[in-house]
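Accompanying notes for the structure given below.
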Number of protein chains: 2
Amino acid sequence: MKRKITLKQIARELDVSISTVSKALRNSAEISEDTKQKVQAFAKLYNYKPNNIALSLKNRKTNTIGIIIPEIVHHFFSKVISGVETVANKRGYNVIIGLSNESFSKEVINMEMLANGSIDGFILSISKETLQLQDYHHFNETMSQGMPIVMFDRVVPDINCDKIIVDDFNGAKKAVAKLIKNGCETIAILTTKDYVSVGKLRTQGYLEALQENDITPEANLILKLDDTLDYEVHLDALETEIEQLFKLNPSVDGVFAVNELYALTAMKVARKLGLEIPKDIQVIGFTDGVLSKHATPSLTTVSQHAQQMGEKAAHLLIDKLESENEDEEEVYQTLVIETELIERESTK
Amino acid sequence: MKRKITLKQIARELDVSISTVSKALRNSAEISEDTKQKVQAFAKLYNYKPNNIALSLKNRKTNTIGIIIPEIVHHFFSKVISGVETVANKRGYNVIIGLSNESFSKEVINMEMLANGSIDGFILSISKETLQLQDYHHFNETMSQGMPIVMFDRVVPDINCDKIIVDDFNGAKKAVAKLIKNGCETIAILTTKDYVSVGKLRTQGYLEALQENDITPEANLILKLDDTLDYEVHLDALETEIEQLFKLNPSVDGVFAVNELYALTAMKVARKLGLEIPKDIQVIGFTDGVLSKHATPSLTTVSQHAQQMGEKAAHLLIDKLESENEDEEEVYQTLVIETELIERESTK
DNA sequence: TTGTACGCGTTATCAA
DNA sequence: TTGATAACGCGTACAA
């Protein structure tokens with residue numbers, strides 16, 4: 001088991017100095033052809049590769065991006081990672097991941113770990129608990145140490161940094177408008193509590209669409225689900241809530257759900273109550289994941305272009321990392337990714 | 001924008017030496033209470049944290065695990081990552097990810113990048129292209145440099161390292177036996193070409209179950225799908241192939257599919273042909289992902305305990321990293337994770 | 001009790 | 001054309 005070879009070892013073997021080896025390998029004009037040949041051949045033979053850690057220390061640059069997300073077993077987030085990874089690799093960066101598991105303390109700990117030299121900058125989406133607590137000190141501290149942050153999807157106005165967001169408002173509005181155009185007259189929304197920023201925005205889009213079409217919103221058609229509950233586990237609870245909504249409002253002929261799971265569950269409950277989709281009731285979800293595509297009937301959804309979000313986030317961060325403007329006024333941008341309505345079988 | 005503070009700066013500010021600061025912070029008995037207090041207070045004020053990169057270089061240990069997987073937008077793999085991450089964090093390690101995208105060259109490049117000092121060891125699952133080419137030199141080279149590898153799920157006997165595998169053979173066998181017990185007489189299998197090790201093993205399990213029940217396998221009930229094709233994209237092609245199978249063999253009353261997508265597509269085609277599930281035809285899949293759970297009807301599947309695989313892989317790797325036996329005979333183990341049949345609505 | 005020197009692997013600067 | 005030295009940030013053996 002031979003350890004990785006270093007400059008020092010090569011130098012010793014060839015009986016030259018370390019700096020000669022270093023220069024020879026970088027093809028410096030200072031070094032004679034002879035020596036270069038000799039050194040390069042030897043290095044190749046022993047498969048020399050410079051040690052990244054040493055380079056990081058010397059250059060005070062790790063060429064690594066840290067990404068903190070609430071949950072990886074989730075189509076949207078893994079798609080974003082995939083986008084980040086693609087761009088990062090192409091531009092010579094590695095990606096290191098931290099999972100907050102929707103927990104404030106894990107988010108803080110993870111960020112601290114990575115911020116101590118392991119990475120050059122963060123791409124992250126805020127955990128639900130952090131959103132609830134509204135404690136953002138760790139983000140501000142990190143940035144004040146000169147480490148840039150790009151936030152995506154779940155963001156808050158309170159924090160001054162680059163952001164990539166989905167046009168949740170218009171996405172929702174388009175979806176609901178579509179339902180109305182398709183003839184729906186009583187449209188319910190399945191959404192989250194308001195502290196989840198995207199849930200709130202989607203709810204606003206829903207209301208706006210109704211208003212533009214002179215439909216008066218009804219409080220009992222708006223179901224704000226408490227998603228601190230893990231509905232993957234408490235699926236029954238979710239079904240019960242939705243079933244009640246349907247029973248209390250038998251005239252519902254359209255449902256807009258702010259995520260896939262709510263939409264699928266709505267379809268399931270509807271079928272259970274003997275309703276046909278899309279004949280009796282039409283459904284549109286948000287987030288174009290595998291579930292929507294392979295559901296039966298397949299689900300019309302608002303696609304967020306998650307991959308693209310990841311790619312843009314990576315570009316934004318790397319651009320910032322590689323721009324020289326140490327002093328220049330910090331100017332932060334917010335990129336808005338437009339949504340796309342993907343029509344499938346759950347609408348007419 | 002204040003950069004992170006270092007020992008050197010603290011030393012300068014307090015007018016003591018660097019090593020005094022270092023020792024004071026580690027609460028060394030060598031240092032007087034007075035100095036300790038002073039230093040620790042100052043460090044706390046400026047939120048001093050040692051630089052990971054410097055520590056890595058010094059200790060020749062990064063406390064980071066590299067994980068290389070073919071694809072992250074995939075329930076199974078992201079679940080494994082989640083498992084790895086949980087254990088890694090608990091034991092003081094970070095996780096850095098590389099995606100091979102099922103490509104041999106990306107796998108090689110990614111591994112080389114990470115192997116140059118960025119990580120202490122690998123957890124990986126082999127890409128399809130690598131399996132096809134049967135070129136495993138990069139694994140062997142990495143290991144010969146003293147960097148341990150733990151492989152999971154997609155493994156090959158040719159490589160000598162720790163492995164975590166699913167009991168694909170018995171999982172498949174149990175599933176098919178279940179179909180037989182449920183009264184199926186003509187059972188088809190939707191599988192992959194044989195170079196995918198797990199596909200091959202699951203096919204063998206299928207055959208074994210038939211044999212034990214005195215059923216003669218029929219070649220035209222075994223559909224080996226070429227999964228170099230990305231069926232997420234070419235879903236139509238997949239449907240066509242399965243539809244042909246059904247049409248050519250109208251007596252089929254049971255289907256065993258080696259992954260979720262095949263299983264779901266089989267259900268879809270069956271319904272299209274007017275068959276009722278599970279009355280006319282029963283279906284079991286492999287891999288317990290979101291699709292199976294939320295399909296209609298929900299899919300009976302063989303669960304692989306992906307999270308657990310990740311956890312065990314992480315423990316295995318870290319144990320090896322932290323064991324002192326530099327010299328000791330390398331002894332590699334292969335852990336087999338038992339599968340579990342999760343019964344849902346697609347079987348009687 | 002405190003400080004000096006060294007090494008981890010690299011590169012850049014300057015001297016020989 | 002080559003080599004010695006310093007520096008990146010840290011911890012530790014050893015000297016003061």
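Residue numbers start at 1 in each chain; chains themselves are named A, B, ... in the order of the structure tokens; ligands are numbered from 1 in the order shown.
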**Study point:** Residues within 10 Å of DT2 (chain C), only C-alpha atoms (C1' of nucleotides), excluding chain neighbours under 3 positions, as a list in words
**Key:**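 Residues near the query, excluding close chain neighbours: Val16, Ser17, Ser19, Thr20, Glu30, Ile31 and Ser32 of chain B; DA16 of chain D.
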Written file, previous selection with C-alpha atoms (C1' of nucleotides), as an mmCIF file, in the first residue's frame:
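So the final result, stored in result.cif, reads:
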data_model
loop_
_atom_site.group_PDB
_atom_site.id
_atom_site.type_symbol
_atom_site.label_atom_id
_atom_site.label_comp_id
_atom_site.auth_asym_id
_atom_site.auth_seq_id
_atom_site.Cartn_x
_atom_site.Cartn_y
_atom_site.Cartn_z
ATOM 1 C CA VAL B 16 1.511 36.274 23.287
ATOM 2 C CA SER B 17 2.835 33.514 21.079
ATOM 3 C CA SER B 19 1.367 28.254 20.648
ATOM 4 C CA THR B 20 0.288 29.861 23.869
ATOM 5 C CA GLU B 30 0.739 24.266 30.883
ATOM 6 C CA ILE B 31 -0.941 27.627 30.657
ATOM 7 C CA SER B 32 -1.805 29.864 33.605
ATOM 8 C "C1'" DA D 16 13.872 28.517 27.819
#
What are the residues of chain B lining chain C at 12 Å or less? Count only C-alpha atoms (C1' of nucleotides), and put the answer as a PDB file with N, CA, C and O atoms, in the first residue's frame.
ATOM      1  N   ALA B  11      -2.956  35.870  18.735  1.00  0.00           N
ATOM      2  CA  ALA B  11      -1.659  35.978  19.384  1.00  0.00           C
ATOM      3  C   ALA B  11      -1.158  37.423  19.310  1.00  0.00           C
ATOM      4  O   ALA B  11      -0.700  37.981  20.309  1.00  0.00           O
ATOM      5  N   ASP B  15      -0.666  39.800  22.366  1.00  0.00           N
ATOM      6  CA  ASP B  15       0.765  39.897  22.613  1.00  0.00           C
ATOM      7  C   ASP B  15       1.316  38.671  23.342  1.00  0.00           C
ATOM      8  O   ASP B  15       2.020  38.768  24.332  1.00  0.00           O
ATOM      9  N   VAL B  16       0.921  37.534  22.817  1.00  0.00           N
ATOM     10  CA  VAL B  16       1.511  36.274  23.287  1.00  0.00           C
ATOM     11  C   VAL B  16       1.891  35.468  22.048  1.00  0.00           C
ATOM     12  O   VAL B  16       1.643  35.911  20.937  1.00  0.00           O
ATOM     13  N   SER B  17       2.455  34.314  22.252  1.00  0.00           N
ATOM     14  CA  SER B  17       2.835  33.514  21.079  1.00  0.00           C
ATOM     15  C   SER B  17       1.665  32.676  20.576  1.00  0.00           C
ATOM     16  O   SER B  17       0.693  32.444  21.299  1.00  0.00           O
ATOM     17  N   ILE B  18       1.805  32.233  19.344  1.00  0.00           N
ATOM     18  CA  ILE B  18       0.742  31.422  18.741  1.00  0.00           C
ATOM     19  C   ILE B  18       0.496  30.160  19.542  1.00  0.00           C
ATOM     20  O   ILE B  18      -0.643  29.786  19.807  1.00  0.00           O
ATOM     21  N   SER B  19       1.566  29.531  19.952  1.00  0.00           N
ATOM     22  CA  SER B  19       1.367  28.254  20.648  1.00  0.00           C
ATOM     23  C   SER B  19       0.714  28.462  22.010  1.00  0.00           C
ATOM     24  O   SER B  19      -0.044  27.619  22.464  1.00  0.00           O
ATOM     25  N   THR B  20       0.970  29.567  22.611  1.00  0.00           N
ATOM     26  CA  THR B  20       0.288  29.861  23.869  1.00  0.00           C
ATOM     27  C   THR B  20      -1.217  29.928  23.630  1.00  0.00           C
ATOM     28  O   THR B  20      -2.006  29.352  24.385  1.00  0.00           O
ATOM     29  N   VAL B  21      -1.585  30.601  22.583  1.00  0.00           N
ATOM     30  CA  VAL B  21      -3.005  30.694  22.252  1.00  0.00           C
ATOM     31  C   VAL B  21      -3.577  29.314  21.997  1.00  0.00           C
ATOM     32  O   VAL B  21      -4.607  28.924  22.540  1.00  0.00           O
ATOM     33  N   SER B  22      -2.865  28.568  21.181  1.00  0.00           N
ATOM     34  CA  SER B  22      -3.324  27.225  20.848  1.00  0.00           C
ATOM     35  C   SER B  22      -3.542  26.404  22.109  1.00  0.00           C
ATOM     36  O   SER B  22      -4.596  25.796  22.298  1.00  0.00           O
ATOM     37  N   LYS B  23      -2.546  26.424  22.960  1.00  0.00           N
ATOM     38  CA  LYS B  23      -2.653  25.638  24.196  1.00  0.00           C
ATOM     39  C   LYS B  23      -3.766  26.169  25.097  1.00  0.00           C
ATOM     40  O   LYS B  23      -4.520  25.382  25.679  1.00  0.00           O
ATOM     41  N   ALA B  24      -3.862  27.458  25.214  1.00  0.00           N
ATOM     42  CA  ALA B  24      -4.892  28.044  26.069  1.00  0.00           C
ATOM     43  C   ALA B  24      -6.281  27.596  25.619  1.00  0.00           C
ATOM     44  O   ALA B  24      -7.142  27.265  26.431  1.00  0.00           O
ATOM     45  N   SER B  28      -4.918  23.583  28.007  1.00  0.00           N
ATOM     46  CA  SER B  28      -3.727  22.869  28.457  1.00  0.00           C
ATOM     47  C   SER B  28      -3.330  23.288  29.868  1.00  0.00           C
ATOM     48  O   SER B  28      -3.442  24.450  30.246  1.00  0.00           O
ATOM     49  N   ALA B  29      -2.862  22.337  30.644  1.00  0.00           N
ATOM     50  CA  ALA B  29      -2.461  22.605  32.022  1.00  0.00           C
ATOM     51  C   ALA B  29      -1.198  23.457  32.061  1.00  0.00           C
ATOM     52  O   ALA B  29      -0.853  24.033  33.092  1.00  0.00           O
ATOM     53  N   GLU B  30      -0.509  23.505  30.945  1.00  0.00           N
ATOM     54  CA  GLU B  30       0.739  24.266  30.883  1.00  0.00           C
ATOM     55  C   GLU B  30       0.517  25.772  31.043  1.00  0.00           C
ATOM     56  O   GLU B  30       1.428  26.493  31.421  1.00  0.00           O
ATOM     57  N   ILE B  31      -0.693  26.191  30.705  1.00  0.00           N
ATOM     58  CA  ILE B  31      -0.941  27.627  30.657  1.00  0.00           C
ATOM     59  C   ILE B  31      -1.606  28.127  31.938  1.00  0.00           C
ATOM     60  O   ILE B  31      -2.453  27.445  32.521  1.00  0.00           O
ATOM     61  N   SER B  32      -1.242  29.312  32.372  1.00  0.00           N
ATOM     62  CA  SER B  32      -1.805  29.864  33.605  1.00  0.00           C
ATOM     63  C   SER B  32      -3.275  30.207  33.443  1.00  0.00           C
ATOM     64  O   SER B  32      -3.740  30.503  32.335  1.00  0.00           O
ATOM     65  N   GLU B  33      -3.974  30.120  34.532  1.00  0.00           N
ATOM     66  CA  GLU B  33      -5.406  30.404  34.500  1.00  0.00           C
ATOM     67  C   GLU B  33      -5.679  31.777  33.890  1.00  0.00           C
ATOM     68  O   GLU B  33      -6.585  31.944  33.053  1.00  0.00           O
ATOM     69  N   ASP B  34      -4.887  32.693  34.302  1.00  0.00           N
ATOM     70  CA  ASP B  34      -5.036  34.066  33.812  1.00  0.00           C
ATOM     71  C   ASP B  34      -5.028  34.128  32.294  1.00  0.00           C
ATOM     72  O   ASP B  34      -5.970  34.640  31.672  1.00  0.00           O
ATOM     73  N   THR B  35      -3.959  33.626  31.729  1.00  0.00           N
ATOM     74  CA  THR B  35      -3.813  33.670  30.273  1.00  0.00           C
ATOM     75  C   THR B  35      -4.955  32.926  29.595  1.00  0.00           C
ATOM     76  O   THR B  35      -5.513  33.393  28.607  1.00  0.00           O
ATOM     77  N   LYS B  36      -5.261  31.761  30.149  1.00  0.00           N
ATOM     78  CA  LYS B  36      -6.344  30.979  29.551  1.00  0.00           C
ATOM     79  C   LYS B  36      -7.618  31.806  29.462  1.00  0.00           C
ATOM     80  O   LYS B  36      -8.254  31.893  28.418  1.00  0.00           O
ATOM     81  N   ILE B  53      -9.169  23.114   7.005  1.00  0.00           N
ATOM     82  CA  ILE B  53      -8.187  22.763   5.979  1.00  0.00           C
ATOM     83  C   ILE B  53      -6.811  22.601   6.603  1.00  0.00           C
ATOM     84  O   ILE B  53      -6.097  21.635   6.334  1.00  0.00           O
ATOM     85  N   ALA B  54      -6.459  23.538   7.473  1.00  0.00           N
ATOM     86  CA  ALA B  54      -5.167  23.444   8.135  1.00  0.00           C
ATOM     87  C   ALA B  54      -5.088  22.165   8.963  1.00  0.00           C
ATOM     88  O   ALA B  54      -4.076  21.454   8.954  1.00  0.00           O
ATOM     89  N   LEU B  55      -6.179  21.852   9.637  1.00  0.00           N
ATOM     90  CA  LEU B  55      -6.205  20.629  10.431  1.00  0.00           C
ATOM     91  C   LEU B  55      -6.050  19.403   9.545  1.00  0.00           C
ATOM     92  O   LEU B  55      -5.326  18.472   9.875  1.00  0.00           O
ATOM     93  N   SER B  56      -6.743  19.430   8.426  1.00  0.00           N
ATOM     94  CA  SER B  56      -6.674  18.284   7.516  1.00  0.00           C
ATOM     95  C   SER B  56      -5.242  18.081   7.047  1.00  0.00           C
ATOM     96  O   SER B  56      -4.744  16.956   7.000  1.00  0.00           O
ATOM     97  N   LEU B  57      -4.631  19.168   6.689  1.00  0.00           N
ATOM     98  CA  LEU B  57      -3.266  19.063   6.183  1.00  0.00           C
ATOM     99  C   LEU B  57      -2.350  18.523   7.271  1.00  0.00           C
ATOM    100  O   LEU B  57      -1.563  17.615   7.054  1.00  0.00           O
ATOM    101  N   LYS B  58      -2.500  19.083   8.433  1.00  0.00           N
ATOM    102  CA  LYS B  58      -1.651  18.657   9.534  1.00  0.00           C
ATOM    103  C   LYS B  58      -1.867  17.197   9.896  1.00  0.00           C
ATOM    104  O   LYS B  58      -0.937  16.432  10.032  1.00  0.00           O
ATOM    105  N   ASN B  59      -3.096  16.841  10.057  1.00  0.00           N
ATOM    106  CA  ASN B  59      -3.413  15.485  10.504  1.00  0.00           C
ATOM    107  C   ASN B  59      -3.456  14.461   9.385  1.00  0.00           C
ATOM    108  O   ASN B  59      -3.696  13.304   9.629  1.00  0.00           O
ATOM    109  N   ARG B  60      -3.308  14.923   8.199  1.00  0.00           N
ATOM    110  CA  ARG B  60      -3.484  14.045   7.028  1.00  0.00           C
ATOM    111  C   ARG B  60      -4.787  13.276   7.150  1.00  0.00           C
ATOM    112  O   ARG B  60      -4.849  12.076   6.902  1.00  0.00           O
ATOM    113  N   LYS B  61      -5.791  13.981   7.501  1.00  0.00           N
ATOM    114  CA  LYS B  61      -7.105  13.369   7.692  1.00  0.00           C
ATOM    115  C   LYS B  61      -8.136  14.457   7.479  1.00  0.00           C
ATOM    116  O   LYS B  61      -8.079  15.495   8.128  1.00  0.00           O
ATOM    117  N   ASN B 116      -7.444  13.088  -4.392  1.00  0.00           N
ATOM    118  CA  ASN B 116      -6.242  13.885  -4.179  1.00  0.00           C
ATOM    119  C   ASN B 116      -6.274  14.698  -2.893  1.00  0.00           C
ATOM    120  O   ASN B 116      -6.057  15.893  -2.903  1.00  0.00           O
ATOM    121  N   GLY B 117      -6.622  14.047  -1.840  1.00  0.00           N
ATOM    122  CA  GLY B 117      -6.520  14.707  -0.555  1.00  0.00           C
ATOM    123  C   GLY B 117      -7.818  15.241   0.002  1.00  0.00           C
ATOM    124  O   GLY B 117      -7.882  15.607   1.169  1.00  0.00           O
TER     125      GLY B 117
END
Check your understanding: Which residues in region 173-257 of chain B does DSSP call helix (DSSP H, G or I)? List them as number ranges by chain.
Key -> B: 173-181, 197-212, 219-221, 235-248
Revision key, fill the gap. Pairwise distance, CA of Thr86 (chain A) with CA of Glu311 (chain A), equals 7.1 Å
**Study point:** Which of region 136-323 of chain A DSSP labels strand (DSSP E or B), written as an MDAnalysis selection string
**Key:** chainID A and resid 149:152 162:166 187:192 222:225 254:257 282:286 300:303
Exercise for review: Do me a favour and pick out the residues of chain B within 7 Å of chain A, using only C-alpha atoms, as a PyMOL selection string.
Suggested key: chain B and resi 1-4+49-54+57+72-73+75+78-79+82+95-97+116-118+144-146+291+295-296
**Study point:** Distance filter 7 Å, only C-alpha atoms (C1' of nucleotides), chain D against chain A, as a PyMOL selection string
**Key:** chain D and resi 1-3+8
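Straight-line separation from CA of Val336 (chain B) to CA of Thr216 (chain B): 29.2 Å.
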Practice item. Name the closest residue to Thr287 (chain B) among the candidates B:Leu335, B:Ala172, B:Val255, B:Ala188; distances are taken between atoms, counting only C-alpha atoms. Key: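 Closest to Thr287 (chain B) of all the choices is B:Ala172.
CA of Thr301 (chain A) to CA of Lys173 (chain A) spans 12.4 Å [interatomic distance, one decimal].
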Exercise for review: Mind checking which residues fall within 12 Å of region 132-139 of chain A, counting only C-alpha atoms (C1' of nucleotides), ignoring those fewer than 6 positions away in the same chain, and posting them as JSON, numbers by chain?
Suggested key: {"A": [68, 102, 103, 104, 105, 106, 107, 108, 109, 110, 111, 112, 113, 115, 121, 122, 123, 124, 125, 126, 145, 146, 147, 148, 149, 150, 151, 155, 156, 157, 158, 159, 160, 161, 193, 194, 195, 196, 197, 227, 228]}
